[in-house]
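What follows is the content of work_31.txt, which has compact mmCIF, C-alpha atoms:
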```txt
# COMPACT_ATOMS: atom_id res chain seq x y z
CA MET K 1 0.34 4.45 48.95
CA ASN K 2 4.07 3.83 49.06
CA PHE K 3 6.62 4.17 46.29
CA LYS K 4 6.42 0.52 45.25
CA GLN K 5 2.67 0.68 44.85
CA THR K 6 2.93 3.91 42.86
CA ALA K 7 5.63 2.48 40.62
CA ALA K 8 3.66 -0.71 40.08
CA GLY K 9 0.57 1.29 39.18
CA LEU K 10 2.52 3.44 36.72
CA SER K 11 4.05 0.36 35.16
CA GLY K 12 0.65 -1.24 34.76
CA THR K 13 -0.67 1.90 33.10
CA LEU K 14 2.22 1.92 30.66
CA LEU K 15 1.73 -1.73 29.80
CA LEU K 16 -1.98 -1.11 29.27
CA SER K 17 -1.14 1.74 26.93
CA ILE K 18 1.10 -0.60 24.94
CA LEU K 19 -1.74 -3.09 24.61
CA ILE K 20 -4.14 -0.36 23.50
CA HIS K 21 -1.55 0.92 21.05
CA ALA K 22 -1.09 -2.57 19.64
CA CYS K 23 -4.80 -3.08 19.14
CA GLN K 24 -5.44 0.24 17.42
CA ALA K 25 -5.98 0.45 13.69
CA GLU K 26 -3.11 2.21 11.97
CA VAL K 27 -4.16 5.79 11.51
CA ILE K 28 -3.73 7.79 8.34
CA GLN K 29 -1.61 10.82 9.05
CA ASP K 30 -2.85 14.15 7.91
CA SER K 31 0.56 15.42 6.97
CA ARG K 32 -0.09 14.40 3.37
CA ASN K 33 -0.98 16.93 0.71
CA LEU K 34 -2.62 15.46 -2.33
CA SER K 35 -4.96 18.31 -3.16
CA SER K 36 -2.74 19.67 -5.87
CA GLY K 37 -5.62 20.55 -8.12
CA GLY K 38 -4.34 18.32 -10.88
CA THR K 39 -2.31 15.29 -11.67
CA ALA K 40 -0.26 14.26 -8.66
CA GLN K 41 3.31 15.44 -8.66
CA PRO K 42 6.41 13.29 -8.32
CA VAL K 43 7.17 12.28 -4.79
CA SER K 44 10.33 10.29 -5.35
CA GLN K 45 13.08 10.16 -7.88
CA GLU K 46 13.78 7.20 -10.14
CA GLY K 47 17.16 5.64 -9.71
CA ASP K 48 17.37 6.80 -6.16
CA ALA K 49 18.54 3.45 -4.91
CA LYS K 50 19.43 4.47 -1.39
CA THR K 51 17.99 7.34 0.52
CA THR K 52 18.30 8.33 4.11
CA GLU K 53 15.67 9.06 6.66
CA ALA K 54 16.58 12.73 6.45
CA LYS K 55 16.03 12.69 2.71
CA LYS K 56 12.27 12.78 2.76
CA PRO K 57 10.29 12.51 -0.48
CA ASP K 58 9.18 15.84 -1.84
CA VAL K 59 5.65 16.77 -0.99
CA PRO K 60 3.53 18.02 -3.90
CA VAL K 61 3.09 21.75 -3.92
CA ALA K 62 -0.52 22.76 -3.55
CA LYS K 63 -1.79 25.01 -6.30
CA THR K 64 -4.84 25.89 -4.26
CA THR K 65 -5.51 26.14 -0.57
CA PRO K 66 -5.59 22.57 0.73
CA PRO K 67 -8.48 21.33 2.84
CA ALA K 68 -8.14 21.88 6.56
CA ALA K 69 -6.09 19.04 7.97
CA ASN K 70 -7.76 18.44 11.28
CA PRO K 71 -6.77 14.92 12.30
CA GLY K 72 -10.02 14.24 14.09
CA THR K 73 -12.41 15.71 11.56
CA PRO K 74 -13.19 14.08 8.20
CA ALA K 75 -13.51 16.35 5.20
CA VAL K 76 -16.87 17.91 4.56
CA ALA K 77 -18.93 15.54 2.45
CA SER K 78 -19.00 16.49 -1.20
CA ASN K 79 -19.84 14.95 -4.51
CA PHE K 80 -17.49 14.58 -7.45
CA THR K 81 -18.17 14.82 -11.16
CA MET K 82 -15.80 12.71 -13.22
CA SER K 83 -15.38 12.72 -16.97
CA TRP K 84 -13.14 11.11 -19.53
CA ASP K 85 -12.93 10.69 -23.28
CA ALA K 86 -15.44 8.27 -24.77
CA SER K 87 -13.35 5.59 -26.42
CA THR K 88 -14.27 4.32 -29.86
CA ASP K 89 -13.15 0.82 -28.86
CA PRO K 90 -16.32 -1.30 -29.24
CA ALA K 91 -14.89 -3.98 -26.95
CA ILE K 92 -15.09 -1.76 -23.86
CA VAL K 93 -18.02 -2.83 -21.70
CA SER K 94 -17.57 -0.66 -18.63
CA TYR K 95 -15.37 1.74 -16.72
CA LYS K 96 -14.27 1.39 -13.10
CA VAL K 97 -13.59 4.39 -10.91
CA PHE K 98 -11.08 4.06 -8.08
CA ILE K 99 -10.16 6.17 -5.08
CA VAL K 100 -6.47 6.17 -4.25
CA PRO K 101 -6.13 6.77 -0.49
CA PRO K 102 -3.19 8.54 1.08
CA ASP K 103 -0.36 6.29 2.18
CA ARG K 104 -1.05 4.70 5.56
CA ASN K 105 2.64 4.86 6.34
CA SER K 106 3.38 8.22 7.89
CA ARG K 107 6.98 7.93 6.70
CA PHE K 108 5.78 8.80 3.21
CA PRO K 109 3.67 11.95 3.28
CA GLY K 110 2.30 12.74 -0.15
CA LYS K 111 2.41 9.14 -1.33
CA THR K 112 -0.60 7.00 -1.98
CA ASP K 113 -1.82 3.55 -1.05
CA VAL K 114 -3.36 0.73 -3.06
CA PRO K 115 -6.33 1.94 -5.19
CA VAL K 116 -9.78 0.97 -3.95
CA GLN K 117 -12.60 0.48 -6.44
CA ILE K 118 -15.57 2.76 -5.89
CA LYS K 119 -17.86 1.45 -8.59
CA ASN K 120 -18.04 -0.35 -11.94
CA TYR K 121 -20.11 1.62 -14.47
CA PRO K 122 -21.51 -0.27 -17.46
CA LEU K 123 -21.67 2.00 -20.49
CA ALA K 124 -25.44 2.31 -20.14
CA ALA K 125 -24.99 3.82 -16.68
CA LEU K 126 -22.79 6.63 -17.98
CA GLN K 127 -23.95 9.96 -19.27
CA LYS K 128 -22.44 10.87 -22.61
CA ASN K 129 -21.90 14.54 -23.34
CA GLY K 130 -20.47 14.90 -26.81
CA LEU K 131 -17.22 12.96 -26.83
CA LYS K 132 -17.05 12.60 -23.05
CA TYR K 133 -18.48 10.17 -20.56
CA SER K 134 -19.35 11.61 -17.19
CA VAL K 135 -20.54 10.27 -13.88
CA ALA K 136 -21.33 11.70 -10.47
CA VAL K 137 -19.76 9.98 -7.48
CA THR K 138 -21.21 10.74 -4.08
CA SER K 139 -19.26 11.03 -0.88
CA ASP K 140 -21.33 8.16 0.48
CA GLU K 141 -20.07 5.94 -2.32
CA VAL K 142 -16.52 6.99 -1.51
CA LYS K 143 -17.04 6.20 2.17
CA ALA K 144 -18.58 2.84 1.33
CA ALA K 145 -15.59 1.96 -0.84
CA LEU K 146 -13.10 2.89 1.85
CA GLY K 147 -14.96 0.88 4.45
CA ALA K 148 -14.97 1.30 8.18
CA THR K 149 -11.32 0.52 8.68
CA VAL K 150 -9.98 3.35 6.51
CA PRO K 151 -10.46 6.88 7.84
CA ILE K 152 -12.06 9.29 5.39
CA PRO K 153 -9.24 11.27 3.81
CA THR K 154 -9.18 15.04 3.84
CA ALA K 155 -7.94 15.01 0.26
CA TYR K 156 -9.11 12.74 -2.52
CA CYS K 157 -7.39 11.24 -5.54
CA PHE K 158 -9.05 9.19 -8.25
CA THR K 159 -8.25 7.06 -11.28
CA VAL K 160 -10.36 5.33 -13.90
CA VAL K 161 -9.78 2.15 -15.90
CA SER K 162 -11.60 0.79 -18.91
CA VAL K 163 -12.76 -2.80 -19.00
CA ASN K 164 -13.22 -5.30 -21.81
CA ALA K 165 -13.78 -9.05 -21.88
CA VAL K 166 -10.13 -9.65 -21.00
CA GLY K 167 -10.04 -7.37 -17.97
CA ASN K 168 -8.95 -3.93 -16.81
CA SER K 169 -6.73 -1.46 -18.59
CA ALA K 170 -3.89 0.15 -16.70
CA HIS K 171 -4.87 3.04 -14.44
CA SER K 172 -5.36 6.52 -15.82
CA PRO K 173 -3.21 9.32 -14.41
CA LEU K 174 -4.08 10.17 -10.84
CA ILE K 175 -6.35 13.19 -10.45
CA CYS K 176 -6.66 14.94 -7.10
CA PRO K 177 -9.37 17.60 -7.36
CA MET Y 1 1.07 -7.19 16.03
CA VAL Y 2 3.33 -5.51 18.50
CA PHE Y 3 3.98 -8.67 20.42
CA SER Y 4 4.92 -10.53 17.28
CA ILE Y 5 7.40 -7.79 16.58
CA LEU Y 6 8.71 -7.76 20.12
CA THR Y 7 9.45 -11.44 19.90
CA ASP Y 8 11.32 -11.10 16.61
CA ASN Y 9 14.86 -12.30 16.84
CA GLU Y 10 16.09 -8.91 15.73
CA PHE Y 11 15.13 -7.38 19.04
CA GLY Y 12 16.45 -10.33 20.99
CA THR Y 13 14.01 -10.14 23.85
CA GLY Y 14 10.52 -11.16 24.71
CA LEU Y 15 8.23 -10.19 27.53
CA THR Y 16 8.85 -13.44 29.34
CA THR Y 17 12.63 -13.32 29.29
CA ASN Y 18 14.51 -11.78 32.16
CA GLN Y 19 18.05 -12.09 33.35
CA GLY Y 20 18.55 -14.82 35.89
CA ASP Y 21 14.97 -16.00 35.56
CA GLU Y 22 13.95 -13.64 38.32
CA PRO Y 23 10.35 -12.51 38.40
CA LEU Y 24 9.73 -9.22 36.64
CA ASN Y 25 9.97 -6.52 39.27
CA THR Y 26 8.76 -2.95 39.14
CA LYS Y 27 12.06 -1.56 37.90
CA HIS Y 28 12.18 -4.08 35.06
CA LEU Y 29 8.59 -3.42 34.10
CA LEU Y 30 9.12 0.33 34.11
CA ALA Y 31 12.23 0.05 31.97
CA LEU Y 32 10.54 -2.37 29.58
CA SER Y 33 7.43 -0.22 29.30
CA ALA Y 34 9.37 2.94 28.68
CA SER Y 35 11.64 1.43 26.06
CA ALA Y 36 8.71 -0.30 24.36
CA ASN Y 37 6.80 2.97 24.16
CA LEU Y 38 9.81 4.75 22.72
CA PHE Y 39 10.10 2.54 19.65
CA LEU Y 40 6.48 1.55 19.13
CA ALA Y 41 5.95 4.30 16.61
CA SER Y 42 8.87 3.14 14.50
CA VAL Y 43 7.82 -0.51 14.36
CA SER Y 44 4.15 0.00 13.61
CA PHE Y 45 4.98 -0.47 9.94
CA GLY Y 46 7.49 -2.88 8.51
CA HIS Y 47 9.44 -3.77 6.51
CA SER Y 48 9.15 -3.51 2.75
CA ARG Y 49 6.59 -3.37 -0.01
CA LEU Y 50 6.01 -3.07 -3.71
CA SER Y 51 5.78 0.62 -4.47
CA VAL Y 52 2.22 1.78 -4.96
CA THR Y 53 3.22 5.17 -6.32
CA THR Y 54 5.26 5.76 -9.46
CA ALA Y 55 8.04 8.31 -9.71
CA ALA Y 56 5.56 10.48 -11.61
CA GLY Y 57 3.05 10.26 -8.77
CA GLY Y 58 0.71 7.88 -10.57
CA VAL Y 59 -0.35 4.28 -10.19
CA PRO Y 60 2.29 1.69 -11.17
CA ARG Y 61 1.69 -1.14 -13.62
CA LEU Y 62 2.02 -3.86 -10.98
CA ILE Y 63 -0.38 -2.74 -8.32
CA PRO Y 64 -0.68 -5.26 -5.47
CA ARG Y 65 -3.98 -6.17 -3.93
CA ASN Y 66 -2.41 -5.57 -0.54
CA SER Y 67 0.64 -3.77 0.66
CA SER Y 68 3.30 -5.89 2.32
CA ASP Y 69 4.12 -3.01 4.62
CA GLY Y 70 3.40 -4.66 7.95
CA ASN Y 71 1.75 -7.63 6.20
CA LYS Y 72 3.36 -10.80 7.53
CA GLY Y 73 2.67 -14.30 6.40
CA ASP Y 74 4.05 -17.78 6.99
CA ALA Y 75 4.24 -20.68 4.56
CA SER Y 76 0.48 -21.11 4.70
CA SER Y 77 -0.12 -17.43 3.94
CA PRO Y 78 1.60 -16.79 0.62
CA CYS Y 79 0.12 -13.31 0.34
CA GLY Y 80 0.32 -12.32 4.00
CA SER Y 81 -2.54 -11.94 6.39
CA THR Y 82 -4.33 -8.91 4.90
CA ASN Y 83 -6.49 -9.39 1.80
CA ALA Y 84 -5.11 -12.89 1.60
CA THR Y 85 -7.37 -14.07 -1.21
CA ARG Y 86 -7.60 -13.03 -4.85
CA GLY Y 87 -9.28 -9.70 -5.51
CA THR Y 88 -11.62 -8.50 -8.23
CA ASN Y 89 -9.24 -6.26 -10.15
CA PRO Y 90 -6.37 -8.35 -11.51
CA VAL Y 91 -3.66 -6.62 -13.49
CA VAL Y 92 -3.74 -7.64 -17.14
CA LEU Y 93 -0.29 -8.24 -18.61
CA THR Y 94 0.50 -9.26 -22.17
CA VAL Y 95 2.86 -12.15 -22.94
CA GLY Y 96 6.38 -10.95 -23.57
CA GLU Y 97 5.70 -7.50 -22.10
CA SER Y 98 8.59 -5.87 -20.25
CA ILE Y 99 7.66 -4.84 -16.73
CA SER Y 100 9.45 -2.83 -14.06
CA ALA Y 101 8.34 -3.16 -10.46
CA ASP Y 102 9.78 -0.90 -7.80
CA PHE Y 103 9.96 -1.83 -4.16
CA GLU Y 104 10.99 0.02 -1.06
CA GLU Y 105 12.14 -1.06 2.35
CA THR Y 106 10.60 1.02 5.09
CA ILE Y 107 12.40 -0.55 8.05
CA ASP Y 108 15.82 -1.95 7.38
CA HIS Y 109 16.27 -5.66 7.88
CA VAL Y 110 18.82 -8.15 6.66
CA GLY Y 111 17.34 -10.51 4.11
CA THR Y 112 16.42 -10.83 0.46
CA PHE Y 113 13.73 -9.38 -1.75
CA GLN Y 114 12.01 -11.86 -4.01
CA LEU Y 115 9.53 -11.64 -6.87
CA ASN Y 116 7.84 -14.97 -7.51
CA PHE Y 117 5.22 -16.23 -9.93
CA SER Y 118 2.43 -18.76 -9.68
CA PRO Y 119 0.72 -19.76 -12.95
CA MET Y 120 -2.40 -20.83 -11.10
CA GLY Y 121 -3.77 -19.50 -7.86
CA GLN Y 122 -1.37 -18.86 -5.01
CA VAL Y 123 0.58 -22.10 -4.97
CA ASN Y 124 3.81 -23.43 -6.42
CA PHE Y 125 5.53 -20.07 -6.68
CA THR Y 126 8.80 -19.96 -8.58
CA ALA Y 127 11.27 -17.12 -8.87
CA LEU Y 128 10.37 -14.67 -11.60
CA VAL Y 129 13.72 -12.88 -11.28
CA PRO Y 130 16.82 -13.46 -9.16
CA ALA Y 131 16.37 -12.36 -5.57
CA GLN Y 132 18.02 -9.15 -4.50
CA THR Y 133 20.03 -9.11 -1.30
CA ASP Y 134 19.41 -6.32 1.13
CA ASP Y 135 22.31 -3.94 1.41
CA THR Y 136 23.35 -4.33 5.02
CA LYS Y 137 25.59 -1.30 4.73
CA ALA Y 138 22.50 0.83 4.61
CA ILE Y 139 21.14 -0.08 8.04
CA GLY Y 140 19.02 2.76 9.22
CA ALA Y 141 18.90 4.34 5.82
CA VAL Y 142 15.30 3.95 4.84
CA PRO Y 143 13.51 3.81 2.60
CA ASN Y 144 15.87 1.63 0.65
CA LYS Y 145 14.61 1.21 -2.86
CA GLY Y 146 15.07 -1.35 -5.55
CA ARG Y 147 13.64 -2.40 -8.87
CA PHE Y 148 12.78 -5.70 -10.47
CA GLN Y 149 12.62 -5.94 -14.23
CA PHE Y 150 11.20 -8.96 -15.96
CA THR Y 151 9.53 -10.21 -19.09
CA VAL Y 152 6.00 -11.51 -18.73
CA PRO Y 153 5.90 -15.32 -19.14
CA ASN Y 154 4.77 -16.62 -22.51
CA THR Y 155 1.97 -18.83 -21.23
CA PRO Y 156 -1.37 -17.05 -20.88
CA CYS Y 157 -3.23 -17.53 -17.62
CA THR Y 158 -6.34 -16.11 -16.00
CA ASP Y 159 -5.66 -16.96 -12.35
CA CYS Y 160 -1.98 -16.27 -11.87
CA THR Y 161 -0.24 -14.36 -9.12
CA ILE Y 162 2.96 -12.39 -8.67
CA GLN Y 163 4.23 -12.51 -5.10
CA PHE Y 164 6.62 -10.06 -3.47
CA VAL Y 165 8.48 -11.31 -0.40
CA GLN Y 166 10.98 -9.82 1.96
CA ASP Y 167 12.59 -13.02 3.18
CA MET Y 168 14.08 -12.50 6.64
CA SER Y 169 15.11 -16.14 7.06
CA GLY Y 170 12.38 -16.79 9.57
CA THR Y 171 8.99 -18.44 9.56
CA LEU Y 172 7.23 -15.12 9.07
CA ASN Y 173 8.09 -12.88 6.15
CA TYR Y 174 6.60 -9.73 4.67
CA LYS Y 175 4.53 -10.45 1.58
CA SER Y 176 2.11 -8.98 -0.89
CA CYS Y 177 0.51 -10.27 -4.06
CA VAL Y 178 -0.46 -8.91 -7.43
CA ASP Y 179 -3.43 -10.67 -9.00
CA VAL Y 180 -2.53 -11.20 -12.62
CA ILE Y 181 -4.07 -12.19 -15.93
CA ILE Y 182 -1.62 -12.92 -18.74
CA THR Y 183 -3.21 -12.46 -22.11
CA PRO Y 184 -2.01 -13.25 -25.66
CA VAL Y 185 -0.81 -10.40 -27.83
CA ASN Y 186 -3.90 -10.71 -30.01
CA ALA Y 187 -6.28 -10.30 -27.08
CA PRO Y 188 -5.03 -7.22 -25.26
CA PRO Y 189 -6.67 -5.28 -22.44
CA PRO Y 190 -8.32 -2.00 -23.42
CA ALA Y 191 -6.38 1.22 -23.69
CA VAL Y 192 -6.04 3.51 -20.70
CA PRO Y 193 -8.87 6.06 -20.63
CA SER Y 194 -7.74 9.50 -21.74
CA GLY Y 195 -8.88 12.95 -20.71
CA PHE Y 196 -9.77 11.99 -17.15
CA ALA Y 197 -10.92 14.99 -15.10
CA VAL Y 198 -12.60 15.37 -11.72
CA THR Y 199 -14.43 18.35 -10.27
CA LYS Y 200 -16.22 18.79 -6.97
```
Using structure tokens, write down the structure that the file contains.
Amino acid sequence: MNFKQTAAGLSGTLLLSILIHACQAEVIQDSRNLSSGGTAQPVSQEGDAKTTEAKKPDVPVAKTTPPAANPGTPAVASNFTMSWDASTDPAIVSYKVFIVPPDRNSRFPGKTDVPVQIKNYPLAALQKNGLKYSVAVTSDEVKAALGATVPIPTAYCFTVVSVNAVGNSAHSPLICP
Amino acid sequence: MVFSILTDNEFGTGLTTNQGDEPLNTKHLLALSASANLFLASVSFGHSRLSVTTAAGGVPRLIPRNSSDGNKGDASSPCGSTNATRGTNPVVLTVGESISADFEETIDHVGTFQLNFSPMGQVNFTALVPAQTDDTKAIGAVPNKGRFQFTVPNTPCTDCTIQFVQDMSGTLNYKSCVDVIITPVNAPPPAVPSGFAVTK
């Protein structure tokens, strides 16, 4: 094999890698850290009209040891128990629970992406303990909501909205257990 | 996706162009491959989007059904190519309500940022607020950020849409849409649930 053949082969390999790269789904980076143990912390400052690449958003400080961030290994399956105050508003017909995935854009570690609905719970499907509604969400339900195109995150964040005949409320504060 | 980006005017070259119309030789291919690989990572996402995280780390009021980050659409795709049709969780706004919507530019590009409104479906969009011109002095300084502030139109609707566009003066622009219901003051959405907690 002479130099020209070697160079041509190398070039072909590089072009093939470009094509493979182009066809790949965009991968969620594991540099995020949303397992703050509570409401998510600020990641950017209001009024910050122009920032530079070097001025990265602050990453929330973990209050507990974050899950292992192994890029190739999804988090261990677990179930979540969610609760919220039982509203006295008689117009509320259901509550919707959402998962808020980590930002797909690796430029913004610690930020989140568009919320994805896990399930709509009519009031009758909720357990009421005193003045609280509660519901158990399985990891399978989370995976089903995220779908095949979104990798399972290693940290989870959730919100809930209430629903009446008009539509959804705004989202509750983000909780990242 | 990559090829559409490679053929953007901003990069000024396509795979089929070559000086002097000579066939692509090994040297050219090697140089092209290497340079393409070098900037692939930086062009995988572009160019701007409505912010999906508030400054307090929560979920903003105007949450789009899709992110315009890397979501291109032409005139026939008013909401881009991803999640192009109306979703099942429209944002409920009240007539006359004051709304702030933040946006951020993730890859700098000359153009304008627009926030448009359609009272029915995804057609006949009109400007909700004046467009904001990208600050060309900030090339390379990303993410650029901006904010739209507007008052919710006074006509209730159940199938309306707010469209965010980064107009780059081409046939393809970055877009995303917020599915919206506008409700009268006397028929508001429910209050935000309080006391939300999650354990595992």
Inset, instruction - Would you mind reading off the distance between atom CA of Thr106 of chain Y and atom CA of Ser77 of chain Y, one decimal, in Å? - result: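 Interatomic distance here is 21.4 Å.
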Inset, instruction - Name the closest residue to Ala165 of chain K among the candidates Y:Thr199, Y:Gln132, Y:Ser169, Y:Thr158; distances are taken between atoms, counting all atoms listed in the file. - result: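 Among the listed residues, Y:Thr158 lies closest to Ala165 of chain K.
When atom CA of His109 of chain Y is paired with atom CA of Ser106 of chain K, their separation reads 18.9 Å.
The space between atom CA of Leu174 of chain K and atom CA of Pro122 of chain K spans 21.4 Å.
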Legend entry - Neighbours of point (-6.9, -11.0, -16.5) within 9 Å, using all atoms listed in the file, written as a PyMOL selection string: (chain K and resi 165-168) or (chain Y and resi 89-93+157-160+179-183+189)
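Here the question is which of Y:Ser176, Y:Thr112, Y:Ser194, Y:Thr94 gets nearest to Gly146 of chain Y using only C-alpha atoms, and that residue is Y:Thr112.
If you measure from each of K:Ala148, K:Leu123, K:Val100, K:Ala170 to Ser87 of chain K using all atoms listed in the file, the closest one turns out to be K:Leu123.
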Legend entry - Residue nearest Ser67 of chain Y - candidates Y:Val129, Y:Ala191, Y:Tyr174, Y:Ser98, atoms counted: only C-alpha atoms: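 Closest residue, counting only C-alpha atoms: Y:Tyr174.
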Inset, instruction - Find the residue from K:Thr112, K:Ser134, K:Thr88, K:Gln127 that sits nearest to chain Y; use all atoms listed in the file when measuring. - result: K:Thr112
Inset, instruction - Return the single residue from K:Phe158, K:Tyr95, K:Ala145, K:Val114 that is closest to Pro173 of chain K, with distances computed using only C-alpha atoms. - result: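 Nearest candidate to Pro173 of chain K out of K:Phe158, K:Tyr95, K:Ala145, K:Val114: K:Phe158.
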Produce a table with one row for each residue of segment 77-176 of chain K that has an atom at most 9 Å from any atom of segment 195-198 of chain Y, each row naming the nearest atom pair and its distance in Å at one decimal; use all atoms listed in the file; arrange rows by chain and rising residue number; format as a Markdown table.
```
| residue | atom | partner | partner_atom | distance |
| --- | --- | --- | --- | --- |
| K:Phe80 | CA | Y:Val198 | CA | 6.5 |
| K:Thr81 | CA | Y:Val198 | CA | 5.6 |
| K:Met82 | CA | Y:Val198 | CA | 4.4 |
| K:Ser83 | CA | Y:Ala197 | CA | 5.3 |
| K:Trp84 | CA | Y:Phe196 | CA | 4.2 |
| K:Asp85 | CA | Y:Gly195 | CA | 5.3 |
| K:Lys132 | CA | Y:Gly195 | CA | 8.5 |
| K:Phe158 | CA | Y:Val198 | CA | 7.9 |
| K:Thr159 | CA | Y:Phe196 | CA | 7.8 |
| K:Val160 | CA | Y:Phe196 | CA | 7.4 |
| K:Ser172 | CA | Y:Phe196 | CA | 7.2 |
| K:Pro173 | CA | Y:Phe196 | CA | 7.6 |
| K:Leu174 | CA | Y:Phe196 | CA | 8.7 |
| K:Ile175 | CA | Y:Val198 | CA | 6.7 |
| K:Cys176 | CA | Y:Val198 | CA | 7.5 |
```
Legend entry - Surrounding residues of Thr126 of chain Y excluding itself and chain neighbours under 2 positions, 10 Å, all atoms listed in the file, as an MDAnalysis selection string: chainID Y and resid 114:119 123:124 128:129 162:163
Supply segment 94-112 of chain K as a PDB file, in the coordinates of the input, with N, CA and C atoms built in where the input has gaps.
```
ATOM      1  N   SER K  94     -17.310  -1.476 -19.820  1.00  0.00           N
ATOM      2  CA  SER K  94     -17.570  -0.660 -18.630  1.00  0.00           C
ATOM      3  C   SER K  94     -16.319   0.113 -18.254  1.00  0.00           C
ATOM      4  N   TYR K  95     -16.498   1.002 -17.297  1.00  0.00           N
ATOM      5  CA  TYR K  95     -15.370   1.740 -16.720  1.00  0.00           C
ATOM      6  C   TYR K  95     -15.458   1.601 -15.199  1.00  0.00           C
ATOM      7  N   LYS K  96     -14.312   1.470 -14.572  1.00  0.00           N
ATOM      8  CA  LYS K  96     -14.270   1.390 -13.100  1.00  0.00           C
ATOM      9  C   LYS K  96     -13.560   2.623 -12.558  1.00  0.00           C
ATOM     10  N   VAL K  97     -14.180   3.223 -11.560  1.00  0.00           N
ATOM     11  CA  VAL K  97     -13.590   4.390 -10.910  1.00  0.00           C
ATOM     12  C   VAL K  97     -12.999   3.948  -9.569  1.00  0.00           C
ATOM     13  N   PHE K  98     -11.788   4.426  -9.303  1.00  0.00           N
ATOM     14  CA  PHE K  98     -11.080   4.060  -8.080  1.00  0.00           C
ATOM     15  C   PHE K  98     -10.748   5.310  -7.262  1.00  0.00           C
ATOM     16  N   ILE K  99     -10.748   5.159  -5.951  1.00  0.00           N
ATOM     17  CA  ILE K  99     -10.160   6.170  -5.080  1.00  0.00           C
ATOM     18  C   ILE K  99      -8.791   5.652  -4.661  1.00  0.00           C
ATOM     19  N   VAL K 100      -7.832   6.542  -4.636  1.00  0.00           N
ATOM     20  CA  VAL K 100      -6.470   6.170  -4.250  1.00  0.00           C
ATOM     21  C   VAL K 100      -6.185   6.867  -2.916  1.00  0.00           C
ATOM     22  N   PRO K 101      -6.270   6.139  -1.821  1.00  0.00           N
ATOM     23  CA  PRO K 101      -6.130   6.770  -0.490  1.00  0.00           C
ATOM     24  C   PRO K 101      -4.702   7.229  -0.242  1.00  0.00           C
ATOM     25  N   PRO K 102      -4.544   8.163   0.668  1.00  0.00           N
ATOM     26  CA  PRO K 102      -3.190   8.540   1.080  1.00  0.00           C
ATOM     27  C   PRO K 102      -2.470   7.358   1.707  1.00  0.00           C
ATOM     28  N   ASP K 103      -1.164   7.370   1.629  1.00  0.00           N
ATOM     29  CA  ASP K 103      -0.360   6.290   2.180  1.00  0.00           C
ATOM     30  C   ASP K 103      -0.615   6.156   3.685  1.00  0.00           C
ATOM     31  N   ARG K 104      -0.835   4.928   4.121  1.00  0.00           N
ATOM     32  CA  ARG K 104      -1.050   4.700   5.560  1.00  0.00           C
ATOM     33  C   ARG K 104       0.236   4.885   6.347  1.00  0.00           C
ATOM     34  N   ASN K 105       1.356   4.762   5.648  1.00  0.00           N
ATOM     35  CA  ASN K 105       2.640   4.860   6.340  1.00  0.00           C
ATOM     36  C   ASN K 105       3.048   6.323   6.453  1.00  0.00           C
ATOM     37  N   SER K 106       3.108   6.799   7.667  1.00  0.00           N
ATOM     38  CA  SER K 106       3.380   8.220   7.890  1.00  0.00           C
ATOM     39  C   SER K 106       4.798   8.607   7.486  1.00  0.00           C
ATOM     40  N   ARG K 107       5.629   7.615   7.171  1.00  0.00           N
ATOM     41  CA  ARG K 107       6.980   7.930   6.700  1.00  0.00           C
ATOM     42  C   ARG K 107       6.946   8.533   5.299  1.00  0.00           C
ATOM     43  N   PHE K 108       5.830   8.371   4.610  1.00  0.00           N
ATOM     44  CA  PHE K 108       5.780   8.800   3.210  1.00  0.00           C
ATOM     45  C   PHE K 108       4.640   9.780   2.960  1.00  0.00           C
ATOM     46  N   PRO K 109       4.718  10.964   3.540  1.00  0.00           N
ATOM     47  CA  PRO K 109       3.670  11.950   3.280  1.00  0.00           C
ATOM     48  C   PRO K 109       3.633  12.298   1.797  1.00  0.00           C
ATOM     49  N   GLY K 110       2.444  12.400   1.263  1.00  0.00           N
ATOM     50  CA  GLY K 110       2.300  12.740  -0.150  1.00  0.00           C
ATOM     51  C   GLY K 110       2.193  11.524  -1.047  1.00  0.00           C
ATOM     52  N   LYS K 111       2.557  10.347  -0.526  1.00  0.00           N
ATOM     53  CA  LYS K 111       2.410   9.140  -1.330  1.00  0.00           C
ATOM     54  C   LYS K 111       1.020   8.552  -1.160  1.00  0.00           C
ATOM     55  N   THR K 112       0.726   7.584  -1.996  1.00  0.00           N
ATOM     56  CA  THR K 112      -0.600   7.000  -1.980  1.00  0.00           C
ATOM     57  C   THR K 112      -0.552   5.515  -1.652  1.00  0.00           C
TER      58      THR K 112
END
```
